[in-house]
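Here's coords-v6.pdb, which has PDB, C-alpha atoms:
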ATOM      1  CA  MET A1415     -12.786   4.409  16.451  1.00  0.00           C
ATOM      2  CA  SER A1416     -11.123   7.754  16.883  1.00  0.00           C
ATOM      3  CA  GLY A1417      -9.160   9.573  14.199  1.00  0.00           C
ATOM      4  CA  VAL A1418      -5.612  10.771  14.392  1.00  0.00           C
ATOM      5  CA  SER A1419      -5.159  14.068  16.144  1.00  0.00           C
ATOM      6  CA  GLU A1420      -3.489  16.969  14.344  1.00  0.00           C
ATOM      7  CA  GLY A1421       0.263  16.500  14.291  1.00  0.00           C
ATOM      8  CA  GLU A1422       0.153  12.850  15.417  1.00  0.00           C
ATOM      9  CA  GLU A1423       2.628  10.715  13.500  1.00  0.00           C
ATOM     10  CA  VAL A1424       1.005   8.004  11.417  1.00  0.00           C
ATOM     11  CA  THR A1425       2.921   4.741  11.714  1.00  0.00           C
ATOM     12  CA  LEU A1426       2.304   1.208  10.503  1.00  0.00           C
ATOM     13  CA  LYS A1427       1.806   0.239  14.145  1.00  0.00           C
ATOM     14  CA  LEU A1428      -0.906   2.884  14.582  1.00  0.00           C
ATOM     15  CA  LEU A1429      -2.667   1.786  11.393  1.00  0.00           C
ATOM     16  CA  MET A1430      -2.445  -1.855  12.476  1.00  0.00           C
ATOM     17  CA  LYS A1431      -4.051  -1.036  15.838  1.00  0.00           C
ATOM     18  CA  LYS A1432      -6.790   1.047  14.254  1.00  0.00           C
ATOM     19  CA  MET A1433      -7.592  -1.714  11.758  1.00  0.00           C
ATOM     20  CA  GLU A1434      -7.651  -4.304  14.538  1.00  0.00           C
ATOM     21  CA  ASP A1435      -9.997  -2.127  16.619  1.00  0.00           C
ATOM     22  CA  PHE A1436     -12.188  -1.420  13.596  1.00  0.00           C
ATOM     23  CA  ALA A1437     -12.607  -5.151  12.909  1.00  0.00           C
ATOM     24  CA  LYS A1438     -13.247  -5.987  16.586  1.00  0.00           C
ATOM     25  CA  GLU A1439     -15.877  -3.260  16.968  1.00  0.00           C
ATOM     26  CA  ARG A1440     -17.824  -4.751  14.060  1.00  0.00           C
ATOM     27  CA  ASP A1441     -17.149  -8.410  14.884  1.00  0.00           C
ATOM     28  CA  TRP A1442     -15.403  -8.776  11.525  1.00  0.00           C
ATOM     29  CA  GLU A1443     -12.372 -10.657  12.838  1.00  0.00           C
ATOM     30  CA  GLN A1444     -14.063 -13.908  11.852  1.00  0.00           C
ATOM     31  CA  TYR A1445     -13.836 -12.820   8.196  1.00  0.00           C
ATOM     32  CA  HIS A1446     -10.240 -11.592   8.319  1.00  0.00           C
ATOM     33  CA  SER A1447      -8.451 -14.737   7.226  1.00  0.00           C
ATOM     34  CA  PRO A1448      -5.288 -14.290   5.171  1.00  0.00           C
ATOM     35  CA  ARG A1449      -7.097 -15.524   2.059  1.00  0.00           C
ATOM     36  CA  ASN A1450     -10.057 -13.173   2.469  1.00  0.00           C
ATOM     37  CA  LEU A1451      -7.831 -10.202   3.178  1.00  0.00           C
ATOM     38  CA  LEU A1452      -5.650 -10.966   0.170  1.00  0.00           C
ATOM     39  CA  LEU A1453      -8.671 -11.201  -2.114  1.00  0.00           C
ATOM     40  CA  ALA A1454     -10.007  -7.913  -0.736  1.00  0.00           C
ATOM     41  CA  LEU A1455      -6.574  -6.351  -1.298  1.00  0.00           C
ATOM     42  CA  VAL A1456      -6.540  -7.546  -4.913  1.00  0.00           C
ATOM     43  CA  GLY A1457      -9.994  -6.048  -5.408  1.00  0.00           C
ATOM     44  CA  GLU A1458      -8.804  -2.711  -4.073  1.00  0.00           C
ATOM     45  CA  VAL A1459      -5.738  -2.803  -6.339  1.00  0.00           C
ATOM     46  CA  GLY A1460      -8.196  -3.307  -9.210  1.00  0.00           C
ATOM     47  CA  GLU A1461     -10.143  -0.218  -8.138  1.00  0.00           C
ATOM     48  CA  LEU A1462      -6.882   1.725  -7.945  1.00  0.00           C
ATOM     49  CA  SER A1463      -5.957   0.524 -11.434  1.00  0.00           C
ATOM     50  CA  GLU A1464      -9.281   1.728 -12.829  1.00  0.00           C
ATOM     51  CA  ILE A1465      -8.384   5.295 -11.899  1.00  0.00           C
ATOM     52  CA  PHE A1466      -5.379   5.170 -14.233  1.00  0.00           C
ATOM     53  CA  GLN A1467      -6.858   2.838 -16.862  1.00  0.00           C
ATOM     54  CA  TRP A1468      -7.599   5.348 -19.631  1.00  0.00           C
ATOM     55  CA  LYS A1469      -5.369   8.235 -18.639  1.00  0.00           C
ATOM     56  CA  GLY A1470      -2.232   7.241 -20.548  1.00  0.00           C
ATOM     57  CA  GLU A1471       0.996   8.430 -18.956  1.00  0.00           C
ATOM     58  CA  VAL A1472       0.342  10.538 -15.891  1.00  0.00           C
ATOM     59  CA  PRO A1473       2.781  13.285 -14.869  1.00  0.00           C
ATOM     60  CA  LYS A1474       4.405  13.215 -11.468  1.00  0.00           C
ATOM     61  CA  GLY A1475       2.376  15.313  -9.041  1.00  0.00           C
ATOM     62  CA  LEU A1476      -0.834  14.847 -11.063  1.00  0.00           C
ATOM     63  CA  GLY A1477      -0.848  18.547 -11.947  1.00  0.00           C
ATOM     64  CA  ASP A1478      -3.621  18.232 -14.523  1.00  0.00           C
ATOM     65  CA  TRP A1479      -5.956  16.192 -12.303  1.00  0.00           C
ATOM     66  CA  LYS A1480      -9.067  17.653 -10.689  1.00  0.00           C
ATOM     67  CA  GLU A1481      -9.071  17.839  -6.906  1.00  0.00           C
ATOM     68  CA  GLU A1482     -11.861  15.243  -6.626  1.00  0.00           C
ATOM     69  CA  GLU A1483      -9.767  12.838  -8.730  1.00  0.00           C
ATOM     70  CA  LYS A1484      -6.856  13.270  -6.324  1.00  0.00           C
ATOM     71  CA  VAL A1485      -9.141  12.698  -3.348  1.00  0.00           C
ATOM     72  CA  HIS A1486     -10.498   9.518  -4.965  1.00  0.00           C
ATOM     73  CA  LEU A1487      -6.945   8.340  -5.658  1.00  0.00           C
ATOM     74  CA  GLY A1488      -6.050   8.938  -2.002  1.00  0.00           C
ATOM     75  CA  GLU A1489      -9.031   6.875  -0.893  1.00  0.00           C
ATOM     76  CA  GLU A1490      -8.110   3.935  -3.115  1.00  0.00           C
ATOM     77  CA  LEU A1491      -4.425   4.097  -2.145  1.00  0.00           C
ATOM     78  CA  SER A1492      -5.557   4.082   1.485  1.00  0.00           C
ATOM     79  CA  ASP A1493      -7.760   1.032   0.932  1.00  0.00           C
ATOM     80  CA  VAL A1494      -4.772  -0.840  -0.519  1.00  0.00           C
ATOM     81  CA  LEU A1495      -2.500   0.239   2.336  1.00  0.00           C
ATOM     82  CA  LEU A1496      -5.010  -0.654   5.045  1.00  0.00           C
ATOM     83  CA  TYR A1497      -5.710  -4.125   3.655  1.00  0.00           C
ATOM     84  CA  LEU A1498      -1.962  -4.720   3.297  1.00  0.00           C
ATOM     85  CA  VAL A1499      -1.351  -3.634   6.887  1.00  0.00           C
ATOM     86  CA  ARG A1500      -4.198  -5.828   8.132  1.00  0.00           C
ATOM     87  CA  LEU A1501      -2.984  -8.822   6.096  1.00  0.00           C
ATOM     88  CA  SER A1502       0.547  -8.484   7.445  1.00  0.00           C
ATOM     89  CA  ASP A1503      -0.792  -8.264  10.995  1.00  0.00           C
ATOM     90  CA  ILE A1504      -2.977 -11.353  10.618  1.00  0.00           C
ATOM     91  CA  CYS A1505      -0.032 -13.242   9.086  1.00  0.00           C
ATOM     92  CA  GLY A1506       2.335 -12.156  11.871  1.00  0.00           C
ATOM     93  CA  VAL A1507       4.660 -10.292   9.511  1.00  0.00           C
ATOM     94  CA  ASP A1508       6.320  -7.090  10.710  1.00  0.00           C
ATOM     95  CA  LEU A1509       5.649  -5.143   7.528  1.00  0.00           C
ATOM     96  CA  GLY A1510       8.043  -2.303   8.348  1.00  0.00           C
ATOM     97  CA  GLN A1511      10.947  -4.652   9.017  1.00  0.00           C
ATOM     98  CA  ALA A1512      10.065  -6.802   6.003  1.00  0.00           C
ATOM     99  CA  ALA A1513      10.053  -3.697   3.772  1.00  0.00           C
ATOM    100  CA  LEU A1514      13.419  -2.516   5.093  1.00  0.00           C
ATOM    101  CA  ARG A1515      14.868  -5.989   4.552  1.00  0.00           C
ATOM    102  CA  LYS A1516      13.518  -6.027   1.002  1.00  0.00           C
ATOM    103  CA  ILE A1517      15.111  -2.642   0.265  1.00  0.00           C
ATOM    104  CA  ARG A1518      18.461  -4.003   1.486  1.00  0.00           C
ATOM    105  CA  LEU A1519      18.069  -7.138  -0.639  1.00  0.00           C
ATOM    106  CA  ASN A1520      17.160  -5.068  -3.708  1.00  0.00           C
ATOM    107  CA  ALA A1521      20.242  -2.884  -3.154  1.00  0.00           C
ATOM    108  CA  ILE A1522      22.375  -6.031  -3.291  1.00  0.00           C
ATOM    109  CA  LYS A1523      20.502  -7.504  -6.237  1.00  0.00           C
ATOM    110  CA  TYR A1524      20.506  -4.237  -8.198  1.00  0.00           C
ATOM    111  CA  PRO A1525      23.723  -2.394  -7.308  1.00  0.00           C
ATOM    112  CA  VAL A1526      24.171   1.163  -8.532  1.00  0.00           C
ATOM    113  CA  ASN A1527      26.652   1.931 -11.260  1.00  0.00           C
ATOM    114  CA  GLY A1528      27.517   5.611 -10.946  1.00  0.00           C
ATOM    115  CA  THR A1529      26.935   7.763 -14.012  1.00  0.00           C
ATOM    116  CA  SER A1530      27.893  11.349 -14.650  1.00  0.00           C
ATOM    117  CA  ASN A1531      24.357  12.500 -15.514  1.00  0.00           C
ATOM    118  CA  GLY A1532      22.825  11.516 -12.157  1.00  0.00           C
ATOM    119  CA  ASN A1533      20.914   8.581 -13.610  1.00  0.00           C
ATOM    120  CA  THR A1534      21.586   5.134 -12.265  1.00  0.00           C
ATOM    121  CA  THR A1535      21.728   1.832 -14.018  1.00  0.00           C
ATOM    122  CA  THR A1536      21.890  -1.661 -12.684  1.00  0.00           C
ATOM    123  CA  THR A1537      24.148  -4.522 -13.531  1.00  0.00           C
ATOM    124  CA  SER A1538      21.287  -6.997 -13.503  1.00  0.00           C
ATOM    125  CA  THR A1539      19.414  -7.798 -16.699  1.00  0.00           C
ATOM    126  CA  THR A1540      16.390  -8.902 -14.718  1.00  0.00           C
ATOM    127  CA  THR A1541      13.397  -6.618 -15.238  1.00  0.00           C
ATOM    128  CA  SER A1542      11.516  -7.565 -12.102  1.00  0.00           C
ATOM    129  CA  GLN A1543      12.486  -5.912  -8.852  1.00  0.00           C
ATOM    130  CA  GLN A1544      10.311  -8.112  -6.709  1.00  0.00           C
TER
END
Please go through the file and, once you have read it, give me the structure as structure tokens.
Amino acid sequence: MSGVSEGEEVTLKLLMKKMEDFAKERDWEQYHSPRNLLLALVGEVGELSEIFQWKGEVPKGLGDWKEEEKVHLGEELSDVLLYLVRLSDICGVDLGQAALRKIRLNAIKYPVNGTSNGNTTTTSTTTSQQ
């Protein structure tokens, strides 16, 4: 499986194709059921959570993190993304379109009330934005 050349745009479609090729080359398609992929995704989210587990609040940009910690974070974020992309492909869900639709639905569900300080509030009392 070849990497992405310098300057090539990374898209969900490209990642989906690379994950499909990766699985085919290793004859792993037989293991890529929605259930198995979901469980693998949950495992990777757990690994991602471990990175933050004892750090308390972390500043935006991770300015006080060591470079190797940032690299590790990137690897775990990538694992989560790749399993999510593979799961959506196996389930026949266009993840990009589904995400855009969800953003539109959230904008309706949580409309912006303009404030003078640049912060936004919502009219909904619901705490979940899922």
- Task: Please write as number ranges by chain the full residue list that the PyMOL selection byres ((chain A and resi 1426) around 8) yields on this file.
- Result: A: 1424-1425, 1427-1430, 1499, 1509-1510
- Message: What does the structure give for the distance between CA of Ser1447 (chain A) and CA of Glu1490 (chain A), in Å to one decimal?
- Response: 21.3 Å
Please evaluate the PyMOL selection byres ((chain A and resi 1454) around 12) against the displayed coordinates and give the resulting residues as a PDB file with C-alpha atoms, in the frame of the given file.
ATOM      1  CA  TYR A1445     -13.836 -12.820   8.196  1.00  0.00           C
ATOM      2  CA  HIS A1446     -10.240 -11.592   8.319  1.00  0.00           C
ATOM      3  CA  SER A1447      -8.451 -14.737   7.226  1.00  0.00           C
ATOM      4  CA  PRO A1448      -5.288 -14.290   5.171  1.00  0.00           C
ATOM      5  CA  ARG A1449      -7.097 -15.524   2.059  1.00  0.00           C
ATOM      6  CA  ASN A1450     -10.057 -13.173   2.469  1.00  0.00           C
ATOM      7  CA  LEU A1451      -7.831 -10.202   3.178  1.00  0.00           C
ATOM      8  CA  LEU A1452      -5.650 -10.966   0.170  1.00  0.00           C
ATOM      9  CA  LEU A1453      -8.671 -11.201  -2.114  1.00  0.00           C
ATOM     10  CA  LEU A1455      -6.574  -6.351  -1.298  1.00  0.00           C
ATOM     11  CA  VAL A1456      -6.540  -7.546  -4.913  1.00  0.00           C
ATOM     12  CA  GLY A1457      -9.994  -6.048  -5.408  1.00  0.00           C
ATOM     13  CA  GLU A1458      -8.804  -2.711  -4.073  1.00  0.00           C
ATOM     14  CA  VAL A1459      -5.738  -2.803  -6.339  1.00  0.00           C
ATOM     15  CA  GLY A1460      -8.196  -3.307  -9.210  1.00  0.00           C
ATOM     16  CA  GLU A1461     -10.143  -0.218  -8.138  1.00  0.00           C
ATOM     17  CA  ASP A1493      -7.760   1.032   0.932  1.00  0.00           C
ATOM     18  CA  VAL A1494      -4.772  -0.840  -0.519  1.00  0.00           C
ATOM     19  CA  LEU A1495      -2.500   0.239   2.336  1.00  0.00           C
ATOM     20  CA  LEU A1496      -5.010  -0.654   5.045  1.00  0.00           C
ATOM     21  CA  TYR A1497      -5.710  -4.125   3.655  1.00  0.00           C
ATOM     22  CA  LEU A1498      -1.962  -4.720   3.297  1.00  0.00           C
ATOM     23  CA  ARG A1500      -4.198  -5.828   8.132  1.00  0.00           C
ATOM     24  CA  LEU A1501      -2.984  -8.822   6.096  1.00  0.00           C
TER      25      LEU A1501
END
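Using only C-alpha atoms, the smallest distance between any of A:Ile1522, A:Val1507, A:Ile1465, A:Ala1513 and Leu1487 (chain A) comes from A:Ile1465.
For the pair CA of Arg1515 (chain A) and CA of Glu1489 (chain A), the separation is 27.7 Å.
Each of A:Lys1431, A:Lys1480, A:Tyr1524, A:Glu1422 was compared to Ile1504 (chain A) using only C-alpha atoms, and A:Lys1431 turns out to be the nearest.
Of the listed residues A:Asp1508, A:Ile1517, A:Asn1527, A:Asp1503, the one whose atoms come nearest to Lys1432 (chain A) is A:Asp1503, with distances taken using only C-alpha atoms.
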